[in-house]
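J.: This is final15.cif, which holds mmCIF, N, CA and C atoms:
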```
data_upload
loop_
_atom_site.label_atom_id
_atom_site.label_comp_id
_atom_site.auth_asym_id
_atom_site.auth_seq_id
_atom_site.Cartn_x
_atom_site.Cartn_y
_atom_site.Cartn_z
N MET A 1 38.79 -5.77 5.05
CA MET A 1 39.87 -5.03 4.46
C MET A 1 39.78 -3.57 4.88
N ARG A 2 40.90 -3.02 5.22
CA ARG A 2 40.91 -1.64 5.70
C ARG A 2 40.34 -0.68 4.68
N ASN A 3 40.74 -0.80 3.42
CA ASN A 3 40.34 0.21 2.45
C ASN A 3 38.84 0.20 2.16
N LYS A 4 38.12 -0.79 2.65
CA LYS A 4 36.68 -0.83 2.44
C LYS A 4 35.91 -0.51 3.72
N ALA A 5 36.60 -0.43 4.84
CA ALA A 5 35.92 -0.22 6.12
C ALA A 5 35.67 1.26 6.36
N VAL A 6 34.39 1.61 6.55
CA VAL A 6 34.02 2.98 6.90
C VAL A 6 34.04 3.09 8.42
N ILE A 7 34.83 4.02 8.92
CA ILE A 7 34.91 4.28 10.35
C ILE A 7 34.25 5.64 10.58
N ALA A 8 33.21 5.66 11.39
CA ALA A 8 32.52 6.91 11.70
C ALA A 8 33.09 7.50 12.98
N VAL A 9 33.31 8.80 12.96
CA VAL A 9 33.80 9.52 14.13
C VAL A 9 32.74 10.56 14.50
N VAL A 10 32.20 10.45 15.71
CA VAL A 10 31.19 11.38 16.20
C VAL A 10 31.75 12.08 17.43
N ASP A 11 32.04 13.37 17.28
CA ASP A 11 32.61 14.14 18.38
C ASP A 11 32.33 15.61 18.12
N ASP A 12 31.98 16.35 19.16
CA ASP A 12 31.70 17.77 18.98
C ASP A 12 32.98 18.60 18.90
N ASP A 13 34.13 18.00 19.13
CA ASP A 13 35.42 18.68 19.07
C ASP A 13 35.97 18.57 17.64
N GLU A 14 35.90 19.68 16.91
CA GLU A 14 36.31 19.67 15.50
C GLU A 14 37.78 19.29 15.33
N SER A 15 38.65 19.76 16.23
CA SER A 15 40.07 19.45 16.09
C SER A 15 40.32 17.95 16.26
N LEU A 16 39.59 17.30 17.15
CA LEU A 16 39.75 15.86 17.31
C LEU A 16 39.22 15.12 16.08
N ARG A 17 38.07 15.56 15.56
CA ARG A 17 37.53 14.93 14.35
C ARG A 17 38.52 15.02 13.21
N THR A 18 39.11 16.19 13.04
CA THR A 18 40.08 16.40 11.95
C THR A 18 41.31 15.51 12.14
N ALA A 19 41.81 15.44 13.37
CA ALA A 19 42.99 14.61 13.65
C ALA A 19 42.69 13.13 13.41
N LEU A 20 41.53 12.67 13.89
CA LEU A 20 41.18 11.26 13.70
C LEU A 20 40.94 10.94 12.24
N GLU A 21 40.32 11.86 11.52
CA GLU A 21 40.10 11.64 10.09
C GLU A 21 41.44 11.46 9.37
N GLY A 22 42.42 12.31 9.70
CA GLY A 22 43.74 12.19 9.10
C GLY A 22 44.41 10.87 9.45
N LEU A 23 44.34 10.48 10.72
CA LEU A 23 44.93 9.21 11.15
C LEU A 23 44.28 8.03 10.44
N LEU A 24 42.97 8.02 10.39
CA LEU A 24 42.26 6.90 9.77
C LEU A 24 42.55 6.81 8.28
N ARG A 25 42.53 7.93 7.60
CA ARG A 25 42.83 7.92 6.16
C ARG A 25 44.28 7.48 5.91
N ALA A 26 45.20 7.95 6.76
CA ALA A 26 46.61 7.59 6.60
C ALA A 26 46.85 6.10 6.81
N THR A 27 45.98 5.45 7.57
CA THR A 27 46.15 4.02 7.83
C THR A 27 45.23 3.16 6.96
N GLY A 28 44.58 3.79 5.98
CA GLY A 28 43.86 3.03 4.98
C GLY A 28 42.37 2.85 5.19
N TYR A 29 41.80 3.57 6.14
CA TYR A 29 40.36 3.47 6.36
C TYR A 29 39.62 4.58 5.63
N LEU A 30 38.34 4.40 5.41
CA LEU A 30 37.47 5.47 4.93
C LEU A 30 36.86 6.10 6.18
N ALA A 31 37.16 7.36 6.41
CA ALA A 31 36.68 8.04 7.61
C ALA A 31 35.53 8.97 7.25
N ARG A 32 34.49 8.94 8.08
CA ARG A 32 33.38 9.89 7.95
C ARG A 32 33.20 10.52 9.31
N THR A 33 33.15 11.84 9.36
CA THR A 33 33.06 12.54 10.64
C THR A 33 31.74 13.28 10.78
N TYR A 34 31.30 13.38 12.03
CA TYR A 34 30.03 14.01 12.37
C TYR A 34 30.21 14.83 13.63
N GLY A 35 29.62 16.00 13.67
CA GLY A 35 29.77 16.91 14.80
C GLY A 35 28.90 16.58 16.00
N GLY A 36 28.01 15.60 15.84
CA GLY A 36 27.15 15.22 16.95
C GLY A 36 26.37 13.97 16.64
N ALA A 37 25.75 13.43 17.67
CA ALA A 37 25.01 12.18 17.54
C ALA A 37 23.82 12.31 16.59
N ARG A 38 23.08 13.40 16.71
CA ARG A 38 21.90 13.58 15.86
C ARG A 38 22.31 13.67 14.39
N GLU A 39 23.40 14.39 14.11
CA GLU A 39 23.90 14.50 12.73
C GLU A 39 24.21 13.11 12.17
N PHE A 40 24.83 12.28 12.98
CA PHE A 40 25.15 10.91 12.55
C PHE A 40 23.88 10.10 12.31
N LEU A 41 22.95 10.16 13.25
CA LEU A 41 21.71 9.38 13.13
C LEU A 41 20.88 9.81 11.93
N ASP A 42 20.92 11.09 11.58
CA ASP A 42 20.13 11.61 10.48
C ASP A 42 20.79 11.42 9.12
N SER A 43 21.96 10.80 9.09
CA SER A 43 22.70 10.58 7.84
C SER A 43 22.62 9.10 7.46
N ASP A 44 23.33 8.75 6.39
CA ASP A 44 23.42 7.33 6.01
C ASP A 44 24.58 6.65 6.74
N GLY A 45 25.24 7.39 7.64
CA GLY A 45 26.37 6.86 8.39
C GLY A 45 26.11 5.57 9.14
N PRO A 46 24.98 5.47 9.86
CA PRO A 46 24.75 4.26 10.63
C PRO A 46 24.70 2.97 9.79
N VAL A 47 24.24 3.05 8.57
CA VAL A 47 24.18 1.83 7.75
C VAL A 47 25.49 1.57 7.02
N GLN A 48 26.36 2.58 6.93
CA GLN A 48 27.64 2.40 6.25
C GLN A 48 28.79 2.05 7.18
N ALA A 49 28.71 2.52 8.42
CA ALA A 49 29.84 2.38 9.34
C ALA A 49 30.03 0.93 9.79
N ARG A 50 31.29 0.51 9.78
CA ARG A 50 31.64 -0.81 10.33
C ARG A 50 32.20 -0.67 11.73
N CYS A 51 32.50 0.57 12.13
CA CYS A 51 32.98 0.87 13.48
C CYS A 51 32.64 2.32 13.77
N LEU A 52 32.29 2.60 15.01
CA LEU A 52 31.95 3.95 15.43
C LEU A 52 32.87 4.36 16.56
N ILE A 53 33.49 5.53 16.40
CA ILE A 53 34.26 6.15 17.47
C ILE A 53 33.43 7.33 17.93
N SER A 54 33.01 7.31 19.19
CA SER A 54 32.11 8.36 19.67
C SER A 54 32.58 8.93 21.01
N ASP A 55 32.53 10.25 21.08
CA ASP A 55 32.73 10.91 22.36
C ASP A 55 31.54 10.53 23.25
N ILE A 56 31.77 10.51 24.55
CA ILE A 56 30.68 10.20 25.46
C ILE A 56 29.85 11.45 25.75
N GLN A 57 30.54 12.54 26.09
CA GLN A 57 29.82 13.75 26.49
C GLN A 57 29.79 14.74 25.34
N MET A 58 28.59 14.90 24.78
CA MET A 58 28.37 15.85 23.69
C MET A 58 27.06 16.58 23.97
N PRO A 59 26.94 17.79 23.46
CA PRO A 59 25.68 18.51 23.64
C PRO A 59 24.54 17.79 22.91
N GLY A 60 23.37 17.85 23.49
CA GLY A 60 22.19 17.27 22.85
C GLY A 60 21.98 15.82 23.16
N MET A 61 22.84 14.97 22.65
CA MET A 61 22.72 13.53 22.84
C MET A 61 24.10 12.97 23.15
N SER A 62 24.20 12.24 24.24
CA SER A 62 25.50 11.68 24.64
C SER A 62 25.86 10.48 23.76
N GLY A 63 27.10 10.07 23.85
CA GLY A 63 27.54 8.88 23.12
C GLY A 63 26.80 7.63 23.55
N VAL A 64 26.50 7.53 24.84
CA VAL A 64 25.76 6.37 25.34
C VAL A 64 24.34 6.38 24.79
N GLU A 65 23.72 7.55 24.74
CA GLU A 65 22.38 7.65 24.15
C GLU A 65 22.41 7.32 22.66
N LEU A 66 23.48 7.71 21.97
CA LEU A 66 23.65 7.34 20.57
C LEU A 66 23.74 5.83 20.42
N TYR A 67 24.55 5.20 21.26
CA TYR A 67 24.67 3.74 21.26
C TYR A 67 23.29 3.10 21.43
N GLU A 68 22.53 3.59 22.41
CA GLU A 68 21.20 3.03 22.67
C GLU A 68 20.25 3.25 21.50
N ALA A 69 20.34 4.40 20.85
CA ALA A 69 19.49 4.69 19.69
C ALA A 69 19.82 3.75 18.52
N LEU A 70 21.10 3.50 18.32
CA LEU A 70 21.50 2.57 17.26
C LEU A 70 20.98 1.16 17.54
N ARG A 71 21.12 0.72 18.79
CA ARG A 71 20.64 -0.62 19.17
C ARG A 71 19.12 -0.71 18.98
N ALA A 72 18.41 0.37 19.32
CA ALA A 72 16.95 0.39 19.17
C ALA A 72 16.55 0.27 17.71
N ARG A 73 17.40 0.74 16.81
CA ARG A 73 17.14 0.64 15.37
C ARG A 73 17.58 -0.71 14.81
N GLY A 74 18.14 -1.56 15.68
CA GLY A 74 18.62 -2.86 15.22
C GLY A 74 19.99 -2.81 14.59
N LEU A 75 20.71 -1.72 14.81
CA LEU A 75 22.06 -1.57 14.25
C LEU A 75 23.07 -1.92 15.33
N HIS A 76 23.93 -2.85 15.04
CA HIS A 76 24.89 -3.35 16.03
C HIS A 76 26.31 -3.04 15.57
N ILE A 77 26.63 -1.76 15.54
CA ILE A 77 27.95 -1.28 15.12
C ILE A 77 28.88 -1.33 16.32
N PRO A 78 30.04 -1.94 16.18
CA PRO A 78 31.01 -1.90 17.30
C PRO A 78 31.38 -0.45 17.62
N VAL A 79 31.44 -0.14 18.90
CA VAL A 79 31.66 1.24 19.34
C VAL A 79 32.91 1.34 20.19
N ILE A 80 33.69 2.37 19.89
CA ILE A 80 34.82 2.75 20.74
C ILE A 80 34.47 4.12 21.30
N PHE A 81 34.26 4.19 22.61
CA PHE A 81 33.98 5.46 23.24
C PHE A 81 35.29 6.15 23.58
N VAL A 82 35.30 7.48 23.46
CA VAL A 82 36.43 8.30 23.91
C VAL A 82 35.86 9.36 24.84
N THR A 83 36.66 9.74 25.83
CA THR A 83 36.16 10.73 26.79
C THR A 83 37.28 11.55 27.39
N ALA A 84 36.98 12.81 27.60
CA ALA A 84 37.90 13.69 28.31
C ALA A 84 37.70 13.58 29.81
N TYR A 85 36.66 12.82 30.22
CA TYR A 85 36.31 12.67 31.62
C TYR A 85 36.30 11.19 31.99
N PRO A 86 37.47 10.55 32.04
CA PRO A 86 37.50 9.10 32.27
C PRO A 86 36.93 8.66 33.60
N GLY A 87 36.87 9.54 34.58
CA GLY A 87 36.29 9.18 35.86
C GLY A 87 34.77 9.12 35.82
N GLU A 88 34.20 9.72 34.80
CA GLU A 88 32.74 9.77 34.66
C GLU A 88 32.32 8.95 33.44
N ARG A 89 32.18 7.66 33.62
CA ARG A 89 31.76 6.80 32.52
C ARG A 89 30.30 6.43 32.72
N PRO A 90 29.41 7.33 32.32
CA PRO A 90 27.99 7.12 32.62
C PRO A 90 27.42 5.89 31.93
N ARG A 91 26.90 5.01 32.72
CA ARG A 91 26.16 3.84 32.24
C ARG A 91 26.92 2.96 31.24
N ILE A 92 28.23 3.02 31.24
CA ILE A 92 28.99 2.10 30.39
C ILE A 92 29.36 0.91 31.25
N SER A 93 28.95 -0.27 30.79
CA SER A 93 29.23 -1.47 31.57
C SER A 93 29.61 -2.62 30.66
N ALA A 94 30.09 -3.66 31.26
CA ALA A 94 30.55 -4.83 30.52
C ALA A 94 29.42 -5.54 29.79
N ASP A 95 28.18 -5.29 30.21
CA ASP A 95 27.07 -5.97 29.56
C ASP A 95 26.49 -5.17 28.38
N MET A 96 27.28 -4.24 27.85
CA MET A 96 26.87 -3.48 26.67
C MET A 96 27.53 -4.13 25.44
N PRO A 97 26.80 -4.98 24.73
CA PRO A 97 27.41 -5.67 23.60
C PRO A 97 27.87 -4.70 22.52
N GLY A 98 29.03 -5.00 21.99
CA GLY A 98 29.55 -4.18 20.91
C GLY A 98 30.43 -3.03 21.35
N VAL A 99 30.50 -2.76 22.67
CA VAL A 99 31.40 -1.71 23.14
C VAL A 99 32.79 -2.31 23.26
N ILE A 100 33.69 -1.82 22.45
CA ILE A 100 35.05 -2.36 22.38
C ILE A 100 35.92 -1.79 23.49
N ALA A 101 35.83 -0.48 23.71
CA ALA A 101 36.70 0.18 24.70
C ALA A 101 36.13 1.54 25.05
N CYS A 102 36.64 2.09 26.13
CA CYS A 102 36.38 3.47 26.51
C CYS A 102 37.74 4.10 26.78
N LEU A 103 38.22 4.87 25.81
CA LEU A 103 39.58 5.42 25.88
C LEU A 103 39.56 6.84 26.44
N PRO A 104 40.43 7.12 27.41
CA PRO A 104 40.53 8.49 27.91
C PRO A 104 41.30 9.36 26.91
N LYS A 105 40.84 10.59 26.73
CA LYS A 105 41.58 11.54 25.89
C LYS A 105 42.68 12.15 26.73
N PRO A 106 43.87 12.34 26.24
CA PRO A 106 44.35 11.89 24.93
C PRO A 106 44.71 10.41 24.98
N PHE A 107 44.60 9.76 23.85
CA PHE A 107 44.94 8.34 23.77
C PHE A 107 46.00 8.15 22.68
N GLU A 108 46.68 7.04 22.75
CA GLU A 108 47.70 6.73 21.76
C GLU A 108 47.04 6.26 20.47
N ALA A 109 47.56 6.71 19.34
CA ALA A 109 47.01 6.32 18.04
C ALA A 109 47.01 4.81 17.89
N GLU A 110 48.09 4.17 18.31
CA GLU A 110 48.20 2.71 18.16
C GLU A 110 47.14 1.99 18.98
N GLN A 111 46.83 2.52 20.14
CA GLN A 111 45.79 1.93 21.00
C GLN A 111 44.44 2.00 20.28
N LEU A 112 44.14 3.14 19.69
CA LEU A 112 42.89 3.30 18.95
C LEU A 112 42.84 2.36 17.75
N LEU A 113 43.92 2.29 17.00
CA LEU A 113 43.96 1.42 15.82
C LEU A 113 43.79 -0.04 16.20
N ASN A 114 44.36 -0.46 17.32
CA ASN A 114 44.16 -1.84 17.80
C ASN A 114 42.70 -2.09 18.13
N CYS A 115 42.04 -1.10 18.74
CA CYS A 115 40.62 -1.24 19.07
C CYS A 115 39.79 -1.34 17.79
N ILE A 116 40.15 -0.57 16.77
CA ILE A 116 39.43 -0.63 15.49
C ILE A 116 39.58 -2.01 14.87
N GLU A 117 40.78 -2.54 14.89
CA GLU A 117 40.98 -3.89 14.34
C GLU A 117 40.12 -4.92 15.08
N THR A 118 40.05 -4.80 16.41
CA THR A 118 39.20 -5.68 17.20
C THR A 118 37.74 -5.54 16.77
N ALA A 119 37.31 -4.27 16.58
CA ALA A 119 35.92 -4.02 16.17
C ALA A 119 35.63 -4.62 14.80
N LEU A 120 36.55 -4.49 13.88
CA LEU A 120 36.32 -5.00 12.53
C LEU A 120 36.28 -6.52 12.49
N LEU A 121 37.00 -7.14 13.39
CA LEU A 121 36.94 -8.62 13.48
C LEU A 121 35.53 -9.08 13.88
N GLN A 122 34.85 -8.25 14.66
CA GLN A 122 33.49 -8.58 15.10
C GLN A 122 32.47 -8.46 13.98
N THR A 123 32.80 -7.66 12.96
CA THR A 123 31.82 -7.41 11.89
C THR A 123 32.16 -8.17 10.61
N SER A 124 33.25 -8.93 10.62
CA SER A 124 33.59 -9.64 9.38
C SER A 124 32.93 -10.98 9.28
#
```
Once you've parsed the file, please lay out its structure as structure tokens.
T.:
Amino acid sequence: MRNKAVIAVVDDDESLRTALEGLLRATGYLARTYGGAREFLDSDGPVQARCLISDIQMPGMSGVELYEALRARGLHIPVIFVTAYPGERPRISADMPGVIACLPKPFEAEQLLNCIETALLQTS
């Protein structure tokens, strides 16, 4: 159910976090936002999130490194990567379980919402 699904947004771009939080709340999700991968990992977010939307390129720890850290902890949260650099998809491949999509910024809201629905089907 949407109203019970926590969607985590990890992105160093505050304006994107704010926009996604508004979109997710408006469509019935519980949104939690984080300014970086370490902030997310150090919170209770990883155990609460049913879907993760993460930027790929962030200072400190990339989205791919975040994905790998979650997997190392035994957490298998479906991930939707977003990137301002679609030509540079570092180490993202089809054999990465749980990766739903890699969307180039800017992306259509409906496209993102469809990816979230796909992700939630994997966790139900």
J.: Mind listing the strand (DSSP E or B) residues of chain A, per DSSP on the backbone, as a list in words?
T.: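 Put together, the selection reads Val6, Ile7, Ala8, Val9, Val10, Leu30, Ala31, Arg32, Thr33, Tyr34, Cys51, Leu52, Ile53, Ser54, Asp55, Val79, Ile80, Phe81, Val82, Thr83, Val99, Ile100, Ala101, Cys102, Leu103 and Pro104 of chain A.
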J.: Could you list, as a compact mmCIF listing (two decimals) with N, CA and C atoms, in the frame of the given file, every residue within 9 Å of Ala31 in chain A, counting only C-alpha atoms and ignoring same-chain residues fewer than 2 positions away?
T.:
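Written out: result_14.txt:
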```
# COMPACT_ATOMS: atom_id res chain seq x y z
N ALA A 5 36.60 -0.43 4.84
CA ALA A 5 35.92 -0.22 6.12
C ALA A 5 35.67 1.26 6.36
N VAL A 6 34.39 1.61 6.55
CA VAL A 6 34.02 2.98 6.90
C VAL A 6 34.04 3.09 8.42
N ILE A 7 34.83 4.02 8.92
CA ILE A 7 34.91 4.28 10.35
C ILE A 7 34.25 5.64 10.58
N ALA A 8 33.21 5.66 11.39
CA ALA A 8 32.52 6.91 11.70
C ALA A 8 33.09 7.50 12.98
N VAL A 9 33.31 8.80 12.96
CA VAL A 9 33.80 9.52 14.13
C VAL A 9 32.74 10.56 14.50
N LEU A 20 41.53 12.67 13.89
CA LEU A 20 41.18 11.26 13.70
C LEU A 20 40.94 10.94 12.24
N GLU A 21 40.32 11.86 11.52
CA GLU A 21 40.10 11.64 10.09
C GLU A 21 41.44 11.46 9.37
N GLY A 22 42.42 12.31 9.70
CA GLY A 22 43.74 12.19 9.10
C GLY A 22 44.41 10.87 9.45
N LEU A 24 42.97 8.02 10.39
CA LEU A 24 42.26 6.90 9.77
C LEU A 24 42.55 6.81 8.28
N ARG A 25 42.53 7.93 7.60
CA ARG A 25 42.83 7.92 6.16
C ARG A 25 44.28 7.48 5.91
N TYR A 29 41.80 3.57 6.14
CA TYR A 29 40.36 3.47 6.36
C TYR A 29 39.62 4.58 5.63
N THR A 33 33.15 11.84 9.36
CA THR A 33 33.06 12.54 10.64
C THR A 33 31.74 13.28 10.78
```
J.: Which polymer residues have any atom within 12 Å of an atom of range 116-119 of chain A, counting only C-alpha atoms, with same-chain residues fewer than 5 positions away left out, as a ChimeraX atom specification?
T.: /A:1-2,5-9,24,27-29,49-53,76-81,97-101,109-111,124
J.: With the PyMOL selection byres (((chain A and resi 82 and name CA) around 8) and name CA) as the selection, what would be picked from this file? Answer as number ranges by chain, please.
T.: A: 53-56, 80-81, 83-84, 102-105
J.: What does the distance from atom N of Tyr34 in chain A to atom C of Arg17 in chain A come to in Å, to one decimal?
T.: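 Distance reported for this atom pair: 7.5 Å.
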J.: Rounded to one decimal, what separation in Å do you get between CA of Ser62 in chain A and CA of Leu41 in chain A?
T.: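 For CA of Ser62 in chain A relative to CA of Leu41 in chain A, the distance reads 12.3 Å.
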J.: Give as a PyMOL selection string the set of residues within 12 Å of the point (23.2, 12.2, 18.3), where distances use the file's coordinates and only C-alpha atoms.
T.: chain A and resi 9-12+34-43+45-46+54-70
J.: Would you return as a PyMOL selection string the members of range 59-111 of chain A that DSSP assigns to alpha helix (DSSP H) on this structure's backbone?
T.: chain A and resi 63-72+109-111
J.: Please compute the atom N of Leu121 in chain A-CA of Glu108 in chain A distance, one decimal, in Å.
T.: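 Computing it gives 19.4 Å between the two atoms.
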J.: Which of these, A:Lys4, A:Ser93, A:Asp44, A:Thr18, has the shortest distance to Leu30 in chain A once you count only C-alpha atoms?
T.: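 Under the stated criterion, the closest residue is A:Lys4.
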